[in-house]
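Undergrad: Okay, here's the structure, questions in a sec.
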Amino acid sequence: MKKYLLFALALIAAPAAAETVAITGGKVVIGDGSAPVEGGTVVLRDGKVVAAGSDVSIPADARRVDATGRWVTPGIFAGFSRVGLSEIGAVSQTNDISGGSSAYNASIDVVPAINPKASAIAVNRTAGVTRAVVAPSTGRNIFAGFGAVIDLGQDYDAITKARAFQFVEFGESGAAEAGGSRSALYAEFRSMLAEAARYARGPVSYDSDILTRSDARALQDVINGRVRLVVHVERASDILQLIKLGREYPRIKLVMVGVSEGWLVADKIAASGIPVIASALNDLPESFESIAATQSNIGRMKRAGVNIAIGMINDWDQTQLRYSAQYAGNLVAIGKIPGASGLSWDEAFAAITSGPAKTLGIDGRIGSLRPGRAGDVVIWDGDPLELSSAPVMVMIDGVQQSLDNRQARLRERYRTPEEDTLPKAYER
Amino acid sequence: MRIALLAPLLSIAMVGCAASSSDNKVQSNGSAETDKTERVRFSDNPYPSTYKPYPSAATVITGATVYDGEGGRIDSGVVFLSGGKIVSVGGPDTAIPDGATVLDGTGKYVTPGIIDVHSHLGNYPSPSVDAVSDGNEVTGPVTPDVWAEHGVWPQDPGFSRALANGGVTSLQILPGSANLFGGRSVTLKNVAARTTQAMKFPDAPYGLKMACGENPKRVYGSRRQKPGSRMGNLALNRQTWAKAVEYKRRWDKYADKGGTPPARNIGMDTLKGALEGKIKIHNHCYRADEMATVIDMAKEFGYTVSAFHHAVESYKIADLLRDNGICSAMWADWWGFKLEAYDGIPENAALVENAGACAIIHSDDEDQIQRLNQEAAKALADGRRMGLDISDATAIRWITYNAAKALGIEERTGSLKAGKMADVVLWNGNPLSVYSRPEKVWVDGALLYDANDPARRPVSDFELGQPGEGDVK
């Protein structure tokens, strides 16, 4: 009977080894922006959070994990990444980020390309990252395809939400994709959406010079609002144009990513209700569309009431999702600089856990330790935003994860560089 | 006689030699010095530093935790700066001079100015557009004739961020890694200036950028040029060094014996300087096996490597690097973006330190140069987690004294020792914490950044009149 149950669970892709666990005595961070709870308890059952905080009753069958002196938090949720889509970015055979010159654009879906055994998944899991937004890059037009939300677990069952969003490039990159100008980009965007609408009215007779059948079909869920449209945009004027475009297409659910100049128009972003996955520390005019970049950007948008999360677009987004925590810590640091705007610790931690989940409308499922959320829990040896801290235990969907990876194996092999009686190749 | 005929055709920078060397020897009472001053000579510093320290006030910081940059730590320390120099550094009993501005450093930290041994600020500046991308002379794999300083744009806004967020007071700008011999580097003081020469660290040795591995063979191999393989990299390196040895030999012979001066070659001048130990070699090299090969190539031609840069596999040969006295300039945790970086591990710097070799944390990046302190902190934490015993003060040495040593400026900056340049950072907390930032930064005693004073914050010409001008970035 028990065996049968396990089998049934496996069939519906629930974590087969999810235990009932009670993590006690730690400093518990819920991840929703609330203050940490000293000496709190987190209970997980069937891969989900049952309860977290103080006054939590512990089930009799629970394995107890003592986290006294440690921090207990939801796993880090990387708000924007390309993890799992490449093993080594510069080795093209391993790199599935962009469709390149393929005939497919909006209809591309990252799901079949994601490799849960990519080294970067294990490396970032070891650093406490348990979920990630994974986006494709553009190929031949402004639409890059469907991105997904994944977990960084050690099994092959990585997909949390397929077709979580469609990704599109605006601004300088989008203009380049559209042939060379922002004007061309807007013309392309509007005409592609018009073609997609025409497809909806008559799929059988649909024929188009500018949008293939498969891409037209892919855009249906975008124009009817079932799939969010994540838009990369940086310049303030581009942000305002996008807000205007959002009013023109009220059914499209927009999310902005990048948004380096957001603070210049923060009140208008807030009024639009469009959530933002922002780069945290960009403070250079790295391009002409981010002349006003400042590390105060997120703090100022937050103060203006923008729904904000931290993401890492085009910033080591294949390998270094673990920087999310360092970036969040820096936003706490700049709050102490006169004239700068940062985040409180609680806000900063929420920006890398529940924040990304909220921008994509999946905060009911993942991103915090509120009841019913996925059992993604990290026990840290110190403040998770501090540089000296590291996870001592990582659970994903209630399953304890290996903290081993290639880097750890190399480290142990070369603990002393000198060879022993056999070559290093025999040390493992 | 032949020399006299040639003289009018040569540069006015040279001193013609009207008589044969044997005549000279007789006429100068056998003095070799006199003899040599009459040879054709060229300026070895035609674009000198015009940097002058800005006015400074005598300043004392009291009650701070002091990391001296050489691995020392003083609690409740006193640091006294005057006349652009560090005058004294000591414990709470250190005498506080009259008339100096006293800053209460209680709860704060003092370090030497941070030094980045590998930066492209100015030659790959912001904005990142072709018009100002001047870091690689990608027209041939051997370009020791190009000088980074001739492609550095002093208005790069990145300099100000490195100062304000990173406490960086000196930095080396290198040519890129497209070429085997990328050209000369330049070491700068991180001061806003109208000209690059006004940023040059006075009398700092030049560096020569070399590159191993994937980049040169990819850039030129894809054009069906040499080098198209690592074999080609080494072959072209060795051929070039052989020419340089010959070039140096001709000049040495001329210096010794006179005769017709050799034809001058600007690129070979740089290589000759490297062979003479006057120019420091900074070799971009990821893989352990390639570093080992370069070490032997250096021995073959008689030069030394100052530092391997991006040395992600130094941990595999930390013993060899120690025994050869070569520094490793490393990122804390970059890895995996290219195959030669696949084996990067976050314990690299700590393992190099632990083996007794010279460890440096570098940036090669306009963002990470703003937080080298944080990168050092991560590398330290990863080392400790594997059980290595490394002090906080040692981690600060990775971004100060050791970097200065690789640049050949360690007698003048890089640590808080009396008589050295007053390049100093006052941090608002422990610089090894993510929650700390520079509060004040002095360069040669001049207060060039103050978190509490918007007037002490450089704004480059490029940013003037733009949205966010003068913002705390």
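Labels used: A, B, ... for chains in the order of the structure tokens, numbers from 1 for residues in each chain, and numbers from 1 for ligands as shown.
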Can you build me a table of chain B residues sitting at most 6 Å from chain A, with the closest atom pair per residue and its distance in Å to one decimal, using only C-alpha atoms, sorted by chain and residue number, as a Markdown table?
TA:
```
| residue | atom | partner | partner_atom | distance |
| --- | --- | --- | --- | --- |
| B:Ser126 | CA | A:Glu286 | CA | 4.7 |
| B:Pro127 | CA | A:Glu286 | CA | 4.4 |
| B:Ser128 | CA | A:Glu286 | CA | 5.5 |
| B:Lys316 | CA | A:Pro417 | CA | 5.4 |
| B:Ile317 | CA | A:Pro417 | CA | 5.8 |
| B:Gly336 | CA | A:Ile88 | CA | 5.6 |
| B:Phe337 | CA | A:Gly89 | CA | 5.1 |
| B:Lys338 | CA | A:Ala90 | CA | 4.9 |
| B:Ile345 | CA | A:Gln407 | CA | 5.3 |
| B:Lys378 | CA | A:Leu387 | CA | 5.5 |
| B:Ala381 | CA | A:Ser388 | CA | 5.0 |
| B:Val434 | CA | A:Glu386 | CA | 5.7 |
| B:Tyr435 | CA | A:Ala333 | CA | 4.2 |
| B:Pro467 | CA | A:Ala292 | CA | 5.3 |
| B:Gly468 | CA | A:Ala292 | CA | 5.1 |
| B:Val472 | CA | A:Ala340 | CA | 5.9 |
| B:Lys473 | CA | A:Thr294 | CA | 4.7 |
```
Undergrad: Kindly save the residues from that selection, with C-alpha atoms included, as a short mmCIF file (atom, residue, chain, number, x, y, z; two decimals), in the first residue's frame.
TA:
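To be explicit, this is the file written out as again.cif:
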```
data_model
loop_
_atom_site.label_atom_id
_atom_site.label_comp_id
_atom_site.auth_asym_id
_atom_site.auth_seq_id
_atom_site.Cartn_x
_atom_site.Cartn_y
_atom_site.Cartn_z
CA SER B 126 31.24 53.14 -20.22
CA PRO B 127 29.34 53.57 -22.43
CA SER B 128 30.36 50.32 -24.04
CA LYS B 316 46.54 23.17 -9.17
CA ILE B 317 50.14 24.43 -9.31
CA GLY B 336 32.56 28.31 -16.41
CA PHE B 337 31.99 31.05 -18.98
CA LYS B 338 34.61 29.51 -21.29
CA ILE B 345 36.82 27.15 -7.85
CA LYS B 378 34.10 35.72 -0.32
CA ALA B 381 35.21 32.72 3.61
CA VAL B 434 28.60 43.21 2.49
CA TYR B 435 27.08 45.97 4.61
CA PRO B 467 19.98 62.62 -15.52
CA GLY B 468 21.37 61.47 -12.21
CA VAL B 472 25.35 58.78 -5.17
CA LYS B 473 25.89 56.01 -7.62
#
```
Undergrad: Neighbouring residues of A:Gly147 were defined as those with any atom within 8 Å, considering only C-alpha atoms; residues of the same chain fewer than 6 positions away were excluded. Please report them as an NGL selection string.
TA: :A and (109-111 or 133-136 or 162-167)
Undergrad: For the residues in that selection, give me C-alpha atoms as a PDB file, in the first residue's frame.
TA:
```pdb
ATOM      1  CA  ASP A 109      10.285  27.051 -25.568  1.00  0.00           C
ATOM      2  CA  VAL A 110      13.279  26.666 -23.241  1.00  0.00           C
ATOM      3  CA  VAL A 111      11.837  23.590 -21.507  1.00  0.00           C
ATOM      4  CA  VAL A 133      13.463  32.189 -13.890  1.00  0.00           C
ATOM      5  CA  VAL A 134      15.021  30.916 -17.126  1.00  0.00           C
ATOM      6  CA  ALA A 135      14.650  32.990 -20.258  1.00  0.00           C
ATOM      7  CA  PRO A 136      15.820  32.493 -23.832  1.00  0.00           C
ATOM      8  CA  ALA A 162       6.637  25.762 -18.317  1.00  0.00           C
ATOM      9  CA  ARG A 163       5.659  28.663 -20.567  1.00  0.00           C
ATOM     10  CA  ALA A 164       5.779  30.922 -17.533  1.00  0.00           C
ATOM     11  CA  PHE A 165       6.257  33.937 -19.791  1.00  0.00           C
ATOM     12  CA  GLN A 166       7.175  35.125 -23.258  1.00  0.00           C
ATOM     13  CA  PHE A 167      10.363  37.196 -23.432  1.00  0.00           C
TER      14      PHE A 167
END
```
Undergrad: Write out as a list in words which residues come within 6 Å of A:Gly128 when counting only C-alpha atoms, dropping same-chain ones fewer than 4 positions away.
TA: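 After dropping sequence-adjacent residues, the list is Gly75, Ile76 and Pro391 of chain A.
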Undergrad: Write down as a list in words the residues of stretch 153-297 of chain A whose backbone DSSP state falls under strand (DSSP E or B).
TA: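 Of stretch 153-297 of chain A, only Ile159, Thr160, Lys161, Ala162, Arg163, Ala164, Phe165, Gln166, Phe167, Val168, Glu169, Arg228, Leu229, Val230, Val231, His232, Val233, Leu254, Val255, Met256, Val257, Gly258, Val276, Ile277, Ala278 and Ser279 of chain A fall in strand (DSSP E or B).
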Undergrad: Selected residues, C-alpha atoms, written as a PDB file, in the first residue's frame, please.
TA:
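Output below, filename selection.pdb:
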```pdb
ATOM      1  CA  ILE A 159      10.305  22.355 -14.463  1.00  0.00           C
ATOM      2  CA  THR A 160       8.185  24.269 -11.972  1.00  0.00           C
ATOM      3  CA  LYS A 161       6.228  26.152 -14.596  1.00  0.00           C
ATOM      4  CA  ALA A 162       6.637  25.762 -18.317  1.00  0.00           C
ATOM      5  CA  ARG A 163       5.659  28.663 -20.567  1.00  0.00           C
ATOM      6  CA  ALA A 164       5.779  30.922 -17.533  1.00  0.00           C
ATOM      7  CA  PHE A 165       6.257  33.937 -19.791  1.00  0.00           C
ATOM      8  CA  GLN A 166       7.175  35.125 -23.258  1.00  0.00           C
ATOM      9  CA  PHE A 167      10.363  37.196 -23.432  1.00  0.00           C
ATOM     10  CA  VAL A 168      10.774  40.213 -25.682  1.00  0.00           C
ATOM     11  CA  GLU A 169      13.602  42.717 -26.193  1.00  0.00           C
ATOM     12  CA  ARG A 228       2.922  37.062 -19.089  1.00  0.00           C
ATOM     13  CA  LEU A 229       5.057  39.125 -21.417  1.00  0.00           C
ATOM     14  CA  VAL A 230       8.444  39.885 -19.845  1.00  0.00           C
ATOM     15  CA  VAL A 231       9.939  42.922 -21.552  1.00  0.00           C
ATOM     16  CA  HIS A 232      13.590  43.951 -21.329  1.00  0.00           C
ATOM     17  CA  VAL A 233      13.647  47.726 -21.131  1.00  0.00           C
ATOM     18  CA  LEU A 254       3.390  42.944 -18.712  1.00  0.00           C
ATOM     19  CA  VAL A 255       6.477  42.480 -16.553  1.00  0.00           C
ATOM     20  CA  MET A 256       9.557  44.677 -16.991  1.00  0.00           C
ATOM     21  CA  VAL A 257      13.122  43.425 -16.581  1.00  0.00           C
ATOM     22  CA  GLY A 258      16.352  45.459 -16.354  1.00  0.00           C
ATOM     23  CA  VAL A 276       9.658  44.996 -12.232  1.00  0.00           C
ATOM     24  CA  ILE A 277      12.557  42.530 -12.113  1.00  0.00           C
ATOM     25  CA  ALA A 278      15.414  45.000 -11.823  1.00  0.00           C
ATOM     26  CA  SER A 279      19.185  44.734 -12.004  1.00  0.00           C
TER      27      SER A 279
END
```
